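Listing of coords22.cif, mmCIF, C-alpha atoms and all ligand atoms
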```cif
data_final
loop_
_atom_site.label_atom_id
_atom_site.label_comp_id
_atom_site.auth_asym_id
_atom_site.auth_seq_id
_atom_site.Cartn_x
_atom_site.Cartn_y
_atom_site.Cartn_z
CA VAL A 1119 -17.60 -11.55 -11.95
CA ASP A 1120 -19.38 -12.73 -8.78
CA TRP A 1121 -20.09 -9.80 -6.44
CA LEU A 1122 -20.30 -11.17 -2.88
CA ALA A 1123 -21.02 -9.26 0.33
CA ASP A 1124 -21.51 -12.25 2.54
CA LEU A 1125 -18.71 -14.07 4.38
CA SER A 1126 -20.21 -17.55 4.10
CA ALA A 1127 -20.91 -17.07 0.38
CA LEU A 1128 -17.28 -16.07 -0.08
CA ARG A 1129 -16.03 -19.05 1.91
CA ARG A 1130 -18.21 -21.40 -0.17
CA ARG A 1131 -17.04 -19.89 -3.46
CA VAL A 1132 -13.36 -20.14 -2.52
CA SER A 1133 -13.62 -23.67 -1.09
CA SER A 1134 -15.31 -24.94 -4.23
CA ALA A 1135 -12.49 -23.45 -6.31
CA ARG A 1136 -9.98 -25.14 -4.06
CA ALA A 1137 -11.90 -28.46 -4.00
CA ALA A 1138 -11.61 -28.48 -7.80
CA GLY A 1139 -7.84 -28.34 -7.36
CA GLY A 1140 -7.58 -24.61 -8.02
CA THR A 1141 -5.24 -22.02 -6.54
CA VAL A 1142 -6.52 -18.74 -5.11
CA GLY A 1143 -5.14 -15.21 -5.35
CA LEU A 1144 -6.18 -12.18 -3.29
CA VAL A 1145 -5.89 -8.49 -4.16
CA PRO A 1146 -6.97 -6.55 -1.04
CA THR A 1147 -8.12 -2.97 -1.79
CA MET A 1148 -10.26 -0.17 -0.44
CA GLY A 1149 -11.82 0.39 -3.88
CA TYR A 1150 -11.88 3.52 -6.06
CA LEU A 1151 -9.64 1.39 -8.22
CA HIS A 1152 -6.98 2.83 -10.49
CA GLN A 1153 -4.26 1.45 -12.77
CA GLY A 1154 -2.07 0.67 -9.75
CA HIS A 1155 -4.75 -1.77 -8.55
CA ALA A 1156 -5.16 -3.08 -12.11
CA ALA A 1157 -1.45 -3.94 -12.11
CA LEU A 1158 -1.96 -6.06 -8.96
CA MET A 1159 -4.83 -7.97 -10.60
CA ARG A 1160 -2.90 -8.37 -13.87
CA ALA A 1161 0.09 -9.81 -11.99
CA LEU A 1162 -1.96 -12.47 -10.18
CA ARG A 1163 -4.48 -13.31 -12.93
CA PRO A 1164 -2.24 -15.73 -14.86
CA GLN A 1165 -0.95 -17.35 -11.65
CA VAL A 1166 -4.20 -18.50 -10.05
CA ASP A 1167 -7.44 -20.27 -10.90
CA CYS A 1168 -9.62 -18.11 -8.68
CA LEU A 1169 -8.79 -14.41 -8.37
CA VAL A 1170 -10.48 -12.61 -5.47
CA LEU A 1171 -10.55 -8.82 -5.24
CA SER A 1172 -11.63 -7.41 -1.90
CA ILE A 1173 -13.07 -3.91 -1.69
CA PHE A 1174 -13.46 -2.79 1.90
CA VAL A 1175 -12.85 0.69 3.31
CA ASN A 1176 -11.47 -0.57 6.59
CA PRO A 1177 -12.56 1.68 9.47
CA THR A 1178 -9.89 0.53 11.94
CA GLN A 1179 -7.03 1.89 9.84
CA PHE A 1180 -8.45 5.42 9.97
CA ALA A 1181 -8.06 7.54 13.10
CA PRO A 1182 -10.88 9.85 14.24
CA GLY A 1183 -10.61 13.02 12.14
CA GLU A 1184 -9.06 11.22 9.15
CA ASP A 1185 -10.84 10.70 5.81
CA LEU A 1186 -12.91 7.52 6.49
CA ALA A 1187 -16.25 9.25 5.79
CA THR A 1188 -15.04 11.03 2.65
CA TYR A 1189 -12.80 8.27 1.26
CA PRO A 1190 -13.62 8.19 -2.48
CA ARG A 1191 -15.96 5.41 -3.63
CA ASP A 1192 -17.26 4.31 -7.06
CA LEU A 1193 -18.38 0.68 -6.94
CA GLU A 1194 -19.80 0.74 -10.48
CA ALA A 1195 -16.44 1.81 -11.97
CA ASP A 1196 -14.71 -0.74 -9.69
CA ARG A 1197 -16.97 -3.51 -11.02
CA ARG A 1198 -16.11 -2.57 -14.62
CA LEU A 1199 -12.37 -2.58 -13.92
CA ALA A 1200 -12.56 -5.90 -12.04
CA MET A 1201 -14.43 -7.44 -15.01
CA ALA A 1202 -11.91 -6.05 -17.50
CA GLU A 1203 -9.05 -7.58 -15.48
CA GLY A 1204 -10.70 -11.00 -15.33
CA VAL A 1205 -11.38 -11.04 -11.59
CA ASP A 1206 -13.53 -14.04 -10.57
CA VAL A 1207 -14.91 -12.79 -7.26
CA VAL A 1208 -15.31 -9.32 -5.79
CA PHE A 1209 -15.72 -9.46 -2.01
CA ASN A 1210 -17.36 -6.25 -0.81
CA PRO A 1211 -18.52 -6.85 2.75
CA PRO A 1212 -20.35 -4.42 5.00
CA ALA A 1213 -18.41 -3.27 8.08
CA GLU A 1214 -20.51 -5.55 10.35
CA ALA A 1215 -19.32 -8.61 8.44
CA MET A 1216 -15.66 -7.83 9.05
CA TYR A 1217 -16.27 -6.40 12.55
CA PRO A 1218 -19.22 -8.33 14.04
CA LEU A 1219 -18.55 -6.75 17.46
CA PRO A 1220 -16.99 -3.46 18.48
CA PRO A 1221 -13.35 -4.39 17.81
CA SER A 1222 -11.32 -5.51 20.81
CA THR A 1223 -9.14 -8.09 19.04
CA PHE A 1224 -6.27 -6.68 16.98
CA VAL A 1225 -3.16 -7.93 15.24
CA THR A 1226 -0.23 -5.63 15.99
CA VAL A 1227 3.27 -5.72 14.56
CA GLU A 1228 5.29 -3.84 17.13
CA GLY A 1229 8.29 -1.65 16.36
CA ILE A 1230 8.12 -1.18 12.59
CA SER A 1231 4.44 -0.08 12.79
CA GLY A 1232 5.48 2.85 14.98
CA VAL A 1233 7.97 4.61 12.68
CA LEU A 1234 7.51 6.73 9.50
CA GLU A 1235 3.73 6.52 8.82
CA GLY A 1236 3.28 5.17 12.34
CA LYS A 1237 4.56 8.43 13.85
CA PHE A 1238 1.83 10.38 12.05
CA ARG A 1239 -0.86 7.68 12.15
CA PRO A 1240 -0.21 5.73 15.38
CA THR A 1241 -3.13 3.25 15.02
CA HIS A 1242 -3.01 2.91 11.23
CA PHE A 1243 -0.94 -0.26 10.83
CA ARG A 1244 -2.78 -2.02 13.63
CA GLY A 1245 -5.91 -1.54 11.52
CA VAL A 1246 -4.17 -2.71 8.36
CA THR A 1247 -2.66 -5.85 9.91
CA THR A 1248 -5.93 -6.68 11.65
CA VAL A 1249 -8.01 -6.50 8.47
CA VAL A 1250 -5.38 -8.19 6.29
CA ALA A 1251 -5.18 -11.04 8.84
CA LYS A 1252 -8.99 -11.40 8.69
CA LEU A 1253 -8.98 -11.41 4.87
CA LEU A 1254 -6.17 -13.99 4.75
CA HIS A 1255 -8.06 -16.04 7.33
CA VAL A 1256 -11.30 -16.16 5.32
CA VAL A 1257 -9.88 -16.35 1.77
CA GLU A 1258 -6.81 -18.51 2.53
CA PRO A 1259 -5.14 -17.41 -0.70
CA ASN A 1260 -2.00 -19.02 -2.08
CA VAL A 1261 -0.76 -15.58 -3.08
CA ALA A 1262 -1.73 -11.99 -2.22
CA ALA A 1263 -0.60 -8.83 -4.05
CA PHE A 1264 0.33 -5.47 -2.52
CA GLY A 1265 1.58 -2.29 -4.19
CA GLN A 1266 5.06 -0.87 -3.69
CA LYS A 1267 3.56 2.60 -3.17
CA ASP A 1268 2.71 1.61 0.40
CA ALA A 1269 6.16 0.19 1.08
CA GLN A 1270 5.89 0.27 4.86
CA GLN A 1271 2.59 -1.60 4.61
CA VAL A 1272 4.36 -4.29 2.55
CA ILE A 1273 7.12 -4.59 5.15
CA VAL A 1274 4.69 -4.68 8.09
CA VAL A 1275 2.33 -7.19 6.41
CA ARG A 1276 5.21 -9.44 5.39
CA ARG A 1277 6.44 -9.49 8.98
CA MET A 1278 2.94 -10.35 10.27
CA ILE A 1279 2.61 -13.20 7.75
CA LYS A 1280 5.94 -14.65 8.79
CA GLU A 1281 5.31 -14.37 12.52
CA LEU A 1282 1.71 -15.63 12.40
CA LEU A 1283 2.68 -18.54 10.11
CA PHE A 1284 0.22 -17.64 7.34
CA ASP A 1285 0.83 -19.96 4.41
CA VAL A 1286 0.66 -17.30 1.70
CA ARG A 1287 3.14 -15.79 -0.74
CA ILE A 1288 3.25 -12.02 -1.00
CA GLU A 1289 3.80 -10.45 -4.38
CA VAL A 1290 4.88 -6.80 -4.45
CA ILE A 1291 4.00 -4.86 -7.59
CA PRO A 1292 5.95 -1.76 -8.70
CA THR A 1293 4.28 1.63 -8.26
CA VAL A 1294 2.26 2.72 -11.30
CA ARG A 1295 2.71 6.42 -12.11
CA GLU A 1296 0.92 9.16 -14.00
CA HIS A 1297 2.74 10.61 -17.07
CA ASP A 1298 4.46 13.21 -14.85
CA GLY A 1299 5.64 10.70 -12.26
CA LEU A 1300 2.91 11.13 -9.63
CA ALA A 1301 2.31 7.76 -7.95
CA MET A 1302 -1.25 6.55 -8.52
CA SER A 1303 -3.38 6.72 -5.39
CA SER A 1304 -7.10 6.87 -4.73
CA ARG A 1305 -6.35 9.95 -2.60
CA ASN A 1306 -5.07 11.85 -5.68
CA ALA A 1307 -8.79 12.54 -6.19
CA TYR A 1308 -8.55 15.07 -3.32
CA LEU A 1309 -6.03 17.28 -5.19
CA THR A 1310 -7.13 20.65 -6.62
CA SER A 1311 -5.68 21.37 -10.07
CA GLU A 1312 -2.99 23.55 -8.51
CA GLU A 1313 -2.06 20.84 -5.99
CA ARG A 1314 -2.11 18.24 -8.75
CA ARG A 1315 0.53 20.29 -10.60
CA ALA A 1316 2.65 20.46 -7.43
CA ALA A 1317 2.35 16.79 -6.35
CA PRO A 1318 4.96 15.27 -8.75
CA VAL A 1319 7.61 16.99 -6.61
CA LEU A 1320 7.64 13.79 -4.50
CA ALA A 1321 8.56 11.51 -7.42
CA ARG A 1322 10.99 14.08 -8.84
CA SER A 1323 12.82 14.45 -5.52
CA LEU A 1324 13.06 10.67 -5.13
CA SER A 1325 14.49 10.34 -8.66
CA TYR A 1326 17.03 13.00 -7.80
CA ALA A 1327 17.97 11.14 -4.61
CA VAL A 1328 18.31 7.83 -6.47
CA GLU A 1329 20.61 9.53 -8.98
CA ALA A 1330 22.67 10.94 -6.11
CA VAL A 1331 23.14 7.40 -4.72
CA ARG A 1332 24.10 6.15 -8.19
CA ALA A 1333 26.65 8.98 -8.32
CA GLY A 1334 28.19 7.76 -5.07
CA GLU A 1335 26.30 9.46 -2.23
CA ARG A 1336 26.35 7.10 0.78
CA ASP A 1337 25.47 9.45 3.64
CA GLY A 1338 21.91 8.57 4.70
CA SER A 1339 21.16 11.65 6.80
CA LYS A 1340 22.59 13.98 4.15
CA LEU A 1341 20.39 12.31 1.52
CA ALA A 1342 17.30 12.52 3.74
CA LYS A 1343 17.95 16.22 4.30
CA ARG A 1344 18.44 16.80 0.57
CA LEU A 1345 15.08 15.07 -0.09
CA ALA A 1346 13.39 17.24 2.53
CA ASP A 1347 14.93 20.39 1.04
CA LEU A 1348 13.78 19.54 -2.48
CA ILE A 1349 10.21 18.86 -1.35
CA GLY A 1350 10.32 21.92 0.92
CA ARG A 1351 10.87 24.14 -2.14
CA GLU A 1352 7.35 23.35 -3.33
CA PRO A 1353 5.12 25.85 -1.46
CA LEU A 1354 2.01 23.62 -1.68
CA ALA A 1355 3.78 20.61 -0.13
CA LYS A 1356 3.71 20.28 3.66
CA LEU A 1357 6.31 17.63 4.39
CA ASP A 1358 5.58 15.00 7.05
CA TYR A 1359 8.84 13.10 6.57
CA ALA A 1360 11.63 12.32 4.16
CA ALA A 1361 13.59 9.34 5.41
CA VAL A 1362 16.38 7.02 4.36
CA VAL A 1363 15.91 3.78 6.29
CA ASP A 1364 16.99 0.16 6.31
CA GLY A 1365 14.72 -1.88 4.00
CA TRP A 1366 14.00 -4.52 6.67
CA THR A 1367 14.15 -2.82 10.07
CA LEU A 1368 13.10 0.69 8.94
CA ASP A 1369 15.85 2.13 11.17
CA PRO A 1370 17.49 5.29 9.78
CA VAL A 1371 20.71 4.42 7.95
CA GLU A 1372 23.85 6.46 8.38
CA ARG A 1373 25.90 4.71 5.70
CA ILE A 1374 23.83 3.64 2.69
CA HIS A 1375 24.42 -0.06 2.08
CA GLY A 1376 22.30 -3.15 1.43
CA LYS A 1377 18.55 -2.75 1.01
CA VAL A 1378 17.56 0.85 1.65
CA LEU A 1379 14.16 2.54 1.46
CA LEU A 1380 13.81 6.23 0.59
CA ALA A 1381 10.34 7.14 1.87
CA VAL A 1382 8.48 10.45 1.73
CA ALA A 1383 5.08 11.69 2.87
CA ALA A 1384 3.63 15.14 2.36
CA ARG A 1385 0.28 16.90 2.53
CA PHE A 1386 -1.07 18.86 -0.43
CA GLY A 1387 -4.23 20.50 0.86
CA ARG A 1388 -6.52 17.65 2.01
CA ALA A 1389 -4.47 14.99 0.27
CA ARG A 1390 -1.76 13.21 2.20
CA LEU A 1391 0.46 11.46 -0.35
CA LEU A 1392 3.23 8.88 -0.03
CA ASP A 1393 5.98 7.79 -2.37
CA ASN A 1394 9.20 5.80 -2.12
CA ALA A 1395 12.15 4.27 -3.90
CA CYS A 1396 13.87 1.09 -2.79
CA LEU A 1397 17.52 0.47 -3.60
CA LEU A 1398 19.94 -2.39 -3.26
CA VAL A 1399 23.43 -0.98 -2.77
CA ASP A 1400 26.52 -3.17 -2.81
CA GLY A 1401 29.77 -1.24 -3.08
CA SER A 1402 29.48 0.88 -6.22
CA SER A 1403 26.58 -1.18 -7.59
CA VAL A 1404 23.14 0.43 -7.13
CA SER A 1405 19.93 -1.20 -8.38
CA THR A 1406 16.27 -0.35 -7.84
CA VAL A 1407 14.40 -3.21 -6.20
CA LEU A 1408 10.99 -3.84 -4.65
CA PRO A 1409 10.48 -3.40 -0.92
O1 LIG B 1 -3.57 -0.72 0.77
C1 LIG B 1 -4.80 -0.72 1.03
O2 LIG B 1 -5.64 -0.38 0.19
C2 LIG B 1 -5.25 -1.11 2.41
O3 LIG B 1 -4.37 -0.68 3.38
C3 LIG B 1 -5.53 -2.62 2.54
C4 LIG B 1 -4.26 -3.44 2.32
C5 LIG B 1 -6.57 -3.04 1.52
C6 LIG B 1 -6.06 -2.95 3.94
O4 LIG B 1 -7.24 -2.29 4.20
#
```
Have the structure of the file written as structure tokens, please.
Amino acid sequence: VDWLADLSALRRRVSSARAAGGTVGLVPTMGYLHQGHAALMRALRPQVDCLVLSIFVNPTQFAPGEDLATYPRDLEADRRLAMAEGVDVVFNPPAEAMYPLPPSTFVTVEGISGVLEGKFRPTHFRGVTTVVAKLLHVVEPNVAAFGQKDAQQVIVVRRMIKELLFDVRIEVIPTVREHDGLAMSSRNAYLTSEERRAAPVLARSLSYAVEAVRAGERDGSKLAKRLADLIGREPLAKLDYAAVVDGWTLDPVERIHGKVLLAVAARFGRARLLDNACLLVDGSSVSTVLP
């Protein structure tokens, strides 16, 4: 695996792959890789000739007081995992490469960046869309992979790609879970053992809610309240939101129909964790789908 920190080296490496007729895939990450990231690499590996993994803890998606300085890092373990998954290039730039000047140019997706996560982290998605736009601009991949766990990120990034006319296909990969259902996340590293035992309440409550929809529940606000109640029973969970929203607009849904996202966020000590389920509901038919 080629480990590149330099933008022009990356551009050269990718253009030579493309000049040889090859296709390019991008897996953007902030490192501290886990099996959820491995699933993104595994999905793209057979589809492309040159697989690029970016590892960049993007400062603009963290607000002052959030965990930028303490975000977990282990580049040696990341290198081993990237090698094992057959990654061709790891792009691990310093902050000055991605932000050569104090940032004044941003990509913002209005509306859907301001709800759910956006209510708790008002500048977060602006940082995500800005850095993803930069990565797409320099790598020019044919396909890029994102995890379902950050469903709102998928929806916001997809909207940016469509509106800014990026010629890239987005592949969404299902959430990878621990044996007890906890969605894999680099931030799970923050959990104490007691919090770790409590955290699967998010996945359990979502499974319960999905079963309720399968059993015929169609009242969105009732379902959101039920989700909040279930999570609220876990004393170590401090709920930020439990929402039942339209899968495209992220507006709250009254009557559950079409593509619907059940999204939850809660704090367990220092760890702020997200999880979701996405459903396609048509009359009595209910299937789980990707956001
Ligand atoms: O999902 C992440 O790890 C980050 O938000 C991303 C997409 C790499 C942008 O920094």
Quiz item: So which residues touch range 1228-1241 of chain A within 10 Å, counting all atoms listed in the file, skipping near sequence neighbours fewer than 5 positions away, as a PyMOL selection string?
Solution: chain A and resi 1178-1181+1184+1246-1247+1268+1270-1271+1273-1275+1277-1278+1358-1361+1363+1366-1370+1381-1383+1392
To box ligand LIG 1 (chain B), take all atoms listed in the file, fit an axis-aligned box, add 8 Å on each side, and give centre and edge lengths in Å to one decimal, as JSON.
```
{"center_x": -5.4, "center_y": -1.9, "center_z": 2.2, "size_x": 19.7, "size_y": 19.1, "size_z": 20.0}
```
Practice problem: Would you mind reading off the distance between CA of Ala1200 in chain A and CA of His1152 in chain A, one decimal, in Å? | Solution: 10.5 Å
Exercise. Name the closest residue to Thr1147 in chain A among the candidates A:Leu1357, A:Val1208, A:Ala1195, A:Val1294; distances are taken between atoms, counting all atoms listed in the file.
Key: A:Val1208
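Once all atoms listed in the file are used for the distance check, the residues close to ligand LIG 1 (chain B) at 8 Å turn out to be Val1145, Pro1146, Thr1147, Met1148, Gly1149, Ser1172, Ile1173, Phe1174, Val1175, Asn1176, Gln1179, Gly1245, Val1246, Thr1247, Val1249, Val1250, Phe1264, Gly1265, Asp1268 and Gln1271 of chain A.
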Could you write out the selected residues, including C-alpha atoms, as a PDB file, keeping the file's coordinate frame?
```
ATOM      1  CA  VAL A1145      -5.890  -8.490  -4.160  1.00  0.00           C
ATOM      2  CA  PRO A1146      -6.970  -6.550  -1.040  1.00  0.00           C
ATOM      3  CA  THR A1147      -8.120  -2.970  -1.790  1.00  0.00           C
ATOM      4  CA  MET A1148     -10.260  -0.170  -0.440  1.00  0.00           C
ATOM      5  CA  GLY A1149     -11.820   0.390  -3.880  1.00  0.00           C
ATOM      6  CA  SER A1172     -11.630  -7.410  -1.900  1.00  0.00           C
ATOM      7  CA  ILE A1173     -13.070  -3.910  -1.690  1.00  0.00           C
ATOM      8  CA  PHE A1174     -13.460  -2.790   1.900  1.00  0.00           C
ATOM      9  CA  VAL A1175     -12.850   0.690   3.310  1.00  0.00           C
ATOM     10  CA  ASN A1176     -11.470  -0.570   6.590  1.00  0.00           C
ATOM     11  CA  GLN A1179      -7.030   1.890   9.840  1.00  0.00           C
ATOM     12  CA  GLY A1245      -5.910  -1.540  11.520  1.00  0.00           C
ATOM     13  CA  VAL A1246      -4.170  -2.710   8.360  1.00  0.00           C
ATOM     14  CA  THR A1247      -2.660  -5.850   9.910  1.00  0.00           C
ATOM     15  CA  VAL A1249      -8.010  -6.500   8.470  1.00  0.00           C
ATOM     16  CA  VAL A1250      -5.380  -8.190   6.290  1.00  0.00           C
ATOM     17  CA  PHE A1264       0.330  -5.470  -2.520  1.00  0.00           C
ATOM     18  CA  GLY A1265       1.580  -2.290  -4.190  1.00  0.00           C
ATOM     19  CA  ASP A1268       2.710   1.610   0.400  1.00  0.00           C
ATOM     20  CA  GLN A1271       2.590  -1.600   4.610  1.00  0.00           C
TER      21      GLN A1271
END
```
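Using only C-alpha atoms, every residue with an atom at most 9 Å from the point (-4.3, 12.2, 5.3) is listed here: Glu1184, Asp1185, Arg1239, Arg1305, Ala1384, Arg1385, Arg1388, Ala1389, Arg1390 and Leu1391 of chain A.
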Quiz item: Near Leu1345 in chain A, counting all atoms listed in the file, which residues have an atom at most 8 Å away, once you skip same-chain residues fewer than 4 positions from it, shown as an MDAnalysis selection string?
Solution: chainID A and resid 1323:1324 1327 1341 1349 1360
Exercise. Using all atoms listed in the file, determine which residues lie at most 9 Å from Val1119 in chain A, disregarding the query and same-chain residues fewer than 5 positions distant; provide the list as a ChimeraX atom specification.
Key: /A:1197,1200-1201,1204-1208
Take the residues from that selection and put them in a file with C-alpha atoms, as a CSV table (one decimal), keeping the file's coordinate frame.
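New file result.csv:
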```csv
chain,number,residue,atom,x,y,z
A,1197,ARG,CA,-17.0,-3.5,-11.0
A,1200,ALA,CA,-12.6,-5.9,-12.0
A,1201,MET,CA,-14.4,-7.4,-15.0
A,1204,GLY,CA,-10.7,-11.0,-15.3
A,1205,VAL,CA,-11.4,-11.0,-11.6
A,1206,ASP,CA,-13.5,-14.0,-10.6
A,1207,VAL,CA,-14.9,-12.8,-7.3
A,1208,VAL,CA,-15.3,-9.3,-5.8
```
Quiz item: At what distance in Å, to one decimal, does CA of Val1272 in chain A lie from CA of Ala1301 in chain A?
Solution: 16.1 Å
Exercise. Could you give me, as a list of chain:residue names, the residues within 12 Å of range 1402-1404 of chain A, counting all atoms listed in the file and dropping anything in the same chain fewer than 2 positions from it?
Key: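 Residues meeting the cut-off are A:Val1328, A:Glu1329, A:Ala1330, A:Val1331, A:Arg1332, A:Ala1333, A:Gly1334, A:Glu1335, A:Arg1336, A:Ile1374, A:His1375, A:Gly1376, A:Lys1377, A:Val1378, A:Cys1396, A:Leu1397, A:Leu1398, A:Val1399, A:Asp1400, A:Thr1406, A:Val1407.
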Write out the residues from the selection above, keeping C-alpha atoms, as an mmCIF file, keeping the file's coordinate frame.
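Final file, out29.cif:
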```cif
data_model
loop_
_atom_site.group_PDB
_atom_site.id
_atom_site.type_symbol
_atom_site.label_atom_id
_atom_site.label_comp_id
_atom_site.auth_asym_id
_atom_site.auth_seq_id
_atom_site.Cartn_x
_atom_site.Cartn_y
_atom_site.Cartn_z
ATOM 1 C CA VAL A 1328 18.310 7.830 -6.470
ATOM 2 C CA GLU A 1329 20.610 9.530 -8.980
ATOM 3 C CA ALA A 1330 22.670 10.940 -6.110
ATOM 4 C CA VAL A 1331 23.140 7.400 -4.720
ATOM 5 C CA ARG A 1332 24.100 6.150 -8.190
ATOM 6 C CA ALA A 1333 26.650 8.980 -8.320
ATOM 7 C CA GLY A 1334 28.190 7.760 -5.070
ATOM 8 C CA GLU A 1335 26.300 9.460 -2.230
ATOM 9 C CA ARG A 1336 26.350 7.100 0.780
ATOM 10 C CA ILE A 1374 23.830 3.640 2.690
ATOM 11 C CA HIS A 1375 24.420 -0.060 2.080
ATOM 12 C CA GLY A 1376 22.300 -3.150 1.430
ATOM 13 C CA LYS A 1377 18.550 -2.750 1.010
ATOM 14 C CA VAL A 1378 17.560 0.850 1.650
ATOM 15 C CA CYS A 1396 13.870 1.090 -2.790
ATOM 16 C CA LEU A 1397 17.520 0.470 -3.600
ATOM 17 C CA LEU A 1398 19.940 -2.390 -3.260
ATOM 18 C CA VAL A 1399 23.430 -0.980 -2.770
ATOM 19 C CA ASP A 1400 26.520 -3.170 -2.810
ATOM 20 C CA THR A 1406 16.270 -0.350 -7.840
ATOM 21 C CA VAL A 1407 14.400 -3.210 -6.200
#
```
Self-check item: Polymer residues at most 9 Å from range 1252-1254 of chain A, only C-alpha atoms, same-chain spacing of 4 or more positions, as a PyMOL selection string
Solution: chain A and resi 1144+1146+1172+1216+1247-1248+1258-1259+1262+1284+1286
Quiz item: Which residue, A:Pro1292, A:Leu1348, A:Arg1160, A:Asp1192, has the smallest gap to Ala1269 in chain A when you use all atoms listed in the file?
Solution: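 That would be A:Pro1292, the residue with the smallest distance to Ala1269 in chain A.
With only C-alpha atoms as the atoms that count, the residue of A:Ala1346, A:Leu1162, A:Cys1168, A:Ala1213 with the shortest distance to Leu1128 in chain A is A:Cys1168.
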Practice problem: Rank A:Ala1355, A:Leu1282, A:Leu1320, A:Ala1342 by their smallest atom-to-atom distance to Arg1373 in chain A, using all atoms listed in the file, and report the top residue only. | Solution: A:Ala1342
